[in-house]
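File shown here: work_36.txt, holding compact mmCIF, C-alpha atoms and all ligand atoms.
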```txt
# COMPACT_ATOMS: atom_id res chain seq x y z
CA MET A 65 0.00 0.00 0.00
CA THR A 66 2.04 2.95 -1.28
CA ALA A 67 0.83 6.07 -3.17
CA PRO A 68 -2.96 5.99 -2.64
CA PRO A 69 -4.75 6.09 -5.98
CA PRO A 70 -7.92 8.19 -6.25
CA TYR A 71 -10.12 5.09 -6.18
CA PRO A 72 -8.44 2.86 -3.60
CA SER A 73 -11.08 0.18 -3.34
CA THR A 74 -11.02 -0.73 -7.00
CA ALA A 75 -7.59 0.44 -8.14
CA THR A 76 -5.16 -2.18 -9.34
CA ALA A 77 -1.42 -2.22 -8.88
CA THR A 78 -1.01 -0.41 -12.20
CA GLY A 79 -3.20 2.49 -11.11
CA GLU A 80 -6.03 1.45 -13.37
CA VAL A 81 -9.61 1.99 -12.29
CA PRO A 82 -12.90 0.99 -13.89
CA CYS A 83 -14.19 3.36 -16.53
CA THR A 84 -17.06 5.50 -15.29
CA TYR A 85 -19.16 4.39 -18.23
CA HIS A 86 -17.93 0.83 -18.62
CA LYS A 87 -17.45 -0.81 -15.24
CA ASP A 88 -15.72 -3.82 -16.80
CA VAL A 89 -13.06 -1.74 -18.59
CA MET A 90 -9.98 -0.79 -16.60
CA THR A 91 -8.39 2.49 -17.56
CA ARG A 92 -5.78 5.02 -16.58
CA LEU A 93 -7.32 7.83 -18.60
CA ARG A 94 -8.95 10.74 -16.83
CA CYS A 95 -11.20 13.46 -18.11
CA SER A 96 -9.06 16.63 -18.33
CA ARG A 97 -11.88 18.67 -16.81
CA CYS A 98 -13.67 16.64 -14.13
CA ALA A 99 -10.97 13.98 -13.72
CA LYS A 100 -13.34 11.03 -13.70
CA PRO A 101 -12.01 7.78 -15.16
CA ILE A 102 -12.79 7.37 -18.84
CA CYS A 103 -11.80 4.79 -21.43
CA PRO A 104 -11.09 5.15 -25.16
CA LYS A 105 -14.62 3.99 -26.00
CA GLU A 106 -16.22 7.27 -24.97
CA ALA A 107 -13.24 9.59 -24.45
CA VAL A 108 -13.51 12.64 -26.65
CA ARG A 109 -10.39 14.23 -28.06
CA THR A 110 -10.48 17.99 -27.53
CA PRO A 111 -7.83 20.72 -27.89
CA VAL A 112 -7.43 20.61 -24.11
CA GLY A 113 -7.04 16.87 -23.82
CA LEU A 114 -9.30 13.85 -23.49
CA ARG A 115 -12.66 14.53 -21.96
CA CYS A 116 -15.65 12.58 -20.77
CA PRO A 117 -18.79 12.94 -22.91
CA ASP A 118 -20.37 15.25 -20.33
CA CYS A 119 -17.47 17.69 -20.30
CA ALA A 120 -16.89 17.44 -24.04
CA GLY A 121 -20.51 18.37 -24.58
CA VAL A 122 -21.26 15.59 -27.05
CA ARG A 123 -24.51 14.84 -25.26
CA GLY A 124 -26.08 18.01 -26.58
CA LEU A 125 -24.41 21.36 -26.91
CA PRO A 126 -23.45 22.87 -23.54
CA THR A 127 -25.40 26.02 -24.40
CA TYR A 128 -28.55 23.92 -24.40
CA ARG A 129 -28.15 22.90 -20.79
CA THR A 130 -29.04 25.74 -18.47
CA PRO A 131 -28.64 25.44 -14.68
CA ALA A 132 -31.87 25.66 -12.71
CA THR A 133 -30.67 28.73 -10.81
CA SER A 134 -30.06 30.62 -14.04
CA ILE A 135 -33.48 29.59 -15.29
CA ALA A 136 -35.12 30.76 -12.07
CA ARG A 137 -33.31 34.09 -12.23
CA ALA A 138 -34.20 34.50 -15.90
CA ALA A 139 -37.83 33.69 -15.13
CA GLY A 140 -38.00 36.21 -12.28
CA LEU A 141 -36.41 39.06 -14.20
CA GLY A 142 -38.26 38.29 -17.42
CA LEU A 143 -41.56 38.14 -15.59
CA ALA A 144 -40.88 41.46 -13.85
CA VAL A 145 -40.28 43.18 -17.18
CA ALA A 146 -43.25 41.43 -18.81
CA LEU A 147 -45.61 42.48 -16.01
CA LEU A 148 -44.34 46.04 -16.10
CA VAL A 149 -44.82 46.32 -19.86
CA GLY A 150 -48.19 44.56 -19.50
CA VAL A 151 -49.40 47.19 -17.04
CA VAL A 152 -48.20 50.04 -19.27
CA TRP A 153 -49.90 48.33 -22.21
CA GLY A 154 -53.13 48.20 -20.24
CA PHE A 155 -52.99 51.96 -19.78
CA PHE A 156 -51.80 52.85 -23.26
CA PRO A 157 -53.32 50.28 -25.62
CA ALA A 158 -52.77 52.63 -28.55
CA TRP A 159 -49.03 52.14 -28.22
CA GLN A 160 -49.38 48.43 -28.67
CA PHE A 161 -46.90 48.14 -31.53
CA TYR A 162 -44.09 49.66 -29.48
CA LEU A 163 -45.22 47.88 -26.34
CA ALA A 164 -45.25 44.58 -28.19
CA LEU A 165 -41.62 45.19 -29.15
CA ALA A 166 -40.78 46.33 -25.61
CA LEU A 167 -42.43 43.24 -24.17
CA GLY A 168 -40.62 40.93 -26.55
CA PHE A 169 -37.17 42.46 -26.58
CA GLY A 170 -37.29 43.71 -22.98
CA SER A 171 -38.29 40.56 -21.15
CA VAL A 172 -36.47 38.24 -23.51
CA GLU A 173 -33.23 40.20 -23.34
CA VAL A 174 -33.10 40.30 -19.54
CA MET A 175 -33.82 36.56 -19.59
CA ALA A 176 -31.02 35.94 -22.06
CA ARG A 177 -28.60 37.88 -19.87
CA ALA A 178 -29.74 36.12 -16.70
CA ALA A 179 -29.31 32.78 -18.45
CA LYS A 180 -25.84 33.84 -19.61
CA PHE A 181 -26.96 33.79 -23.23
CA LYS A 182 -27.75 30.12 -23.22
CA ARG A 183 -30.49 28.88 -25.44
CA GLY A 184 -32.74 25.87 -25.56
CA ARG A 185 -36.25 24.57 -25.49
CA ASP A 186 -36.68 25.13 -21.75
CA LEU A 187 -35.83 28.83 -22.00
CA GLN A 188 -37.85 29.14 -25.16
CA VAL A 189 -41.01 27.76 -23.58
CA LEU A 190 -40.42 29.81 -20.44
CA ALA A 191 -39.93 33.03 -22.41
CA ILE A 192 -43.06 32.46 -24.46
CA GLY A 193 -45.02 31.77 -21.27
CA ILE A 194 -43.67 34.97 -19.72
CA VAL A 195 -44.53 37.23 -22.65
CA LEU A 196 -47.98 35.63 -22.71
CA ALA A 197 -48.29 36.53 -19.03
CA GLY A 198 -47.41 40.10 -19.97
CA LEU A 199 -50.14 40.06 -22.61
CA VAL A 200 -52.68 38.72 -20.14
CA VAL A 201 -51.74 41.41 -17.64
CA SER A 202 -52.27 44.08 -20.28
CA ARG A 203 -55.78 42.73 -20.84
CA VAL A 204 -56.50 42.52 -17.11
CA VAL A 205 -55.40 46.11 -16.56
CA LEU A 206 -57.41 47.23 -19.55
CA SER A 207 -60.55 45.48 -18.33
CA GLN A 208 -60.05 46.95 -14.85
CA ARG A 209 -59.70 50.43 -16.24
CA LEU A 210 -62.84 49.99 -18.29
CA ALA A 211 -64.61 48.67 -15.17
CA ILE A 212 -65.39 45.22 -16.49
CA PRO A 213 -65.37 42.71 -13.61
CA LEU A 214 -62.75 40.02 -14.04
CA SER A 215 -65.24 37.35 -13.00
CA GLU A 216 -67.15 38.03 -16.18
CA VAL A 217 -64.02 37.77 -18.24
CA ASN A 218 -63.67 34.20 -17.05
CA GLN A 219 -67.13 33.22 -18.20
CA LEU A 220 -66.82 31.51 -21.51
CA GLY A 221 -70.12 32.86 -22.77
CA GLU A 222 -68.92 36.37 -22.25
CA TYR A 223 -65.57 35.67 -23.72
CA ALA A 224 -66.52 36.26 -27.32
CA THR A 225 -68.08 39.61 -26.44
CA TYR A 226 -65.01 40.84 -24.65
CA PHE A 227 -62.81 39.48 -27.34
CA LEU A 228 -64.50 41.80 -29.79
CA GLN A 229 -65.15 44.79 -27.60
CA LEU A 230 -62.17 44.91 -25.32
CA ARG A 231 -59.82 42.72 -27.23
CA LEU A 232 -59.28 40.37 -24.35
CA ILE A 233 -56.20 39.35 -26.22
CA PRO A 234 -54.50 42.12 -28.15
CA ASP A 235 -54.68 42.19 -31.90
CA LEU A 236 -53.16 38.92 -32.98
CA ILE A 237 -50.25 40.49 -34.79
CA TYR A 238 -49.20 42.42 -31.70
CA ALA A 239 -49.57 39.37 -29.53
CA LEU A 240 -47.47 37.45 -32.00
CA ILE A 241 -44.54 39.89 -32.03
CA PRO A 242 -43.26 39.22 -28.48
CA VAL A 243 -43.97 35.49 -28.80
CA LEU A 244 -41.92 35.30 -31.98
CA ILE A 245 -39.11 37.30 -30.38
CA ALA A 246 -39.08 34.86 -27.44
CA TRP A 247 -39.16 31.89 -29.76
CA TYR A 248 -36.39 33.21 -31.98
CA ARG A 249 -34.07 34.41 -29.20
CA PHE A 250 -33.81 31.03 -27.45
CA ARG A 251 -34.02 28.89 -30.55
ZN ZN A 301 -15.49 15.19 -17.46
ZN ZN A 302 -15.74 3.68 -21.06
```
Exercise: express the given structure as structure tokens:
Amino acid sequence: MTAPPPYPSTATATGEVPCTYHKDVMTRLRCSRCAKPICPKEAVRTPVGLRCPDCAGVRGLPTYRTPATSIARAAGLGLAVALLVGVVWGFFPAWQFYLALALGFGSVEVMARAAKFKRGRDLQVLAIGIVLAGLVVSRVVLSQRLAIPLSEVNQLGEYATYFLQLRLIPDLIYALIPVLIAWYRFR
């Protein structure tokens, strides 16, 4: 028992340990980033040495994996901007073209920054949900200002009426702008 290898229980006299991915393959190779044992079967040659598939990013581009904390931060900030723009939109519906752009670019851009410019389906769905929330808020504020009780908005029978009179959702094109921005940004 001399120099203790990193995996004493399974290490052999030659310093070989079982591959992380193939327990029956003994190896001396280590990932150059996380140092876990890898074997030639899955080791990925990179400019900075051999890497495990996780660190080499072959299991999907690294930019498509976003940590939960970044996602939560992005969601919080994006939602704050979306709600703010939604409220403004409720008060100034005539500015809806500019507010649609502000909602899209504003909330999506703070999300992108919070997520360190990562992209992916999770962020995409989240961003679309958040701009939709902003749109809903704009309708809620608008209906409040026009003194239409929200309980009536929820009644399906009344829905069509409000859709026409109050535009419960904004004109489709303006609703589409921020959604498309969100979709495109995190594509
Ligand atoms: Zn690794
Ligand atoms: Zn292996």
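Pairwise distance (CA of Cys83 in chain A, CA of Leu114 in chain A) equals 13.5 Å.
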Env of Gly168 in chain A: 8 Å cut, atoms = only C-alpha atoms, seq-sep filter 2 positions within chain, self excluded. Answer as a compact mmCIF listing (two decimals) with C-alpha atoms, in the coordinates of the input.
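Once written, around00.txt looks like this:
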```
# COMPACT_ATOMS: atom_id res chain seq x y z
CA ALA A 164 -45.25 44.58 -28.19
CA LEU A 165 -41.62 45.19 -29.15
CA ALA A 166 -40.78 46.33 -25.61
CA GLY A 170 -37.29 43.71 -22.98
CA SER A 171 -38.29 40.56 -21.15
CA VAL A 172 -36.47 38.24 -23.51
CA VAL A 195 -44.53 37.23 -22.65
CA ILE A 241 -44.54 39.89 -32.03
CA PRO A 242 -43.26 39.22 -28.48
CA VAL A 243 -43.97 35.49 -28.80
CA LEU A 244 -41.92 35.30 -31.98
CA ILE A 245 -39.11 37.30 -30.38
CA ALA A 246 -39.08 34.86 -27.44
```
Practice item. Grab the CA of Gln208 in chain A to CA of Glu173 in chain A distance for me, in Å with one decimal place. Key: 28.9 Å
Exercise for review: Name each residue within 10 Å of ligand ZN 302 (chain A), counting all atoms listed in the file, as number ranges by chain.
Suggested key: A: 82-91, 93, 101-107, 116-117
May I have the residues within 8 Å of range 181-194 of chain A as a short mmCIF file (atom, residue, chain, number, x, y, z; two decimals) with C-alpha atoms, in the frame of the given file, using all atoms listed in the file and disregarding those fewer than 5 positions away in the same chain?
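Output below, filename out_24.cif:
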```
data_model
loop_
_atom_site.label_atom_id
_atom_site.label_comp_id
_atom_site.auth_asym_id
_atom_site.auth_seq_id
_atom_site.Cartn_x
_atom_site.Cartn_y
_atom_site.Cartn_z
CA THR A 127 -25.40 26.02 -24.40
CA TYR A 128 -28.55 23.92 -24.40
CA ARG A 129 -28.15 22.90 -20.79
CA THR A 130 -29.04 25.74 -18.47
CA ILE A 135 -33.48 29.59 -15.29
CA ALA A 139 -37.83 33.69 -15.13
CA GLY A 142 -38.26 38.29 -17.42
CA LEU A 143 -41.56 38.14 -15.59
CA ALA A 146 -43.25 41.43 -18.81
CA SER A 171 -38.29 40.56 -21.15
CA VAL A 172 -36.47 38.24 -23.51
CA MET A 175 -33.82 36.56 -19.59
CA ALA A 176 -31.02 35.94 -22.06
CA PRO A 242 -43.26 39.22 -28.48
CA VAL A 243 -43.97 35.49 -28.80
CA ALA A 246 -39.08 34.86 -27.44
CA TRP A 247 -39.16 31.89 -29.76
CA ARG A 249 -34.07 34.41 -29.20
CA PHE A 250 -33.81 31.03 -27.45
CA ARG A 251 -34.02 28.89 -30.55
#
```
Practice item. Set the cut-off to 7 Å, count only C-alpha atoms and all ligand atoms, and list whatever residues fall near ligand ZN 301 (chain A) as a count of residues only. Key: 11
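Take CA of Phe161 in chain A and CA of Val149 in chain A: the distance between them is 12.0 Å.
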Point to revise | Shell around Leu148 in chain A at 10 Å using all atoms listed in the file, local window under 4 positions removed, as an MDAnalysis selection string | key: chainID A and resid 142:144 152:154 167 171 198 201:202
Study note, to complete from the structure: The residue from A:Gly121, A:Ala211, A:Leu240, A:Arg203 with the smallest atom-to-atom distance to Phe155 in chain A, counting only C-alpha atoms, is A:Arg203
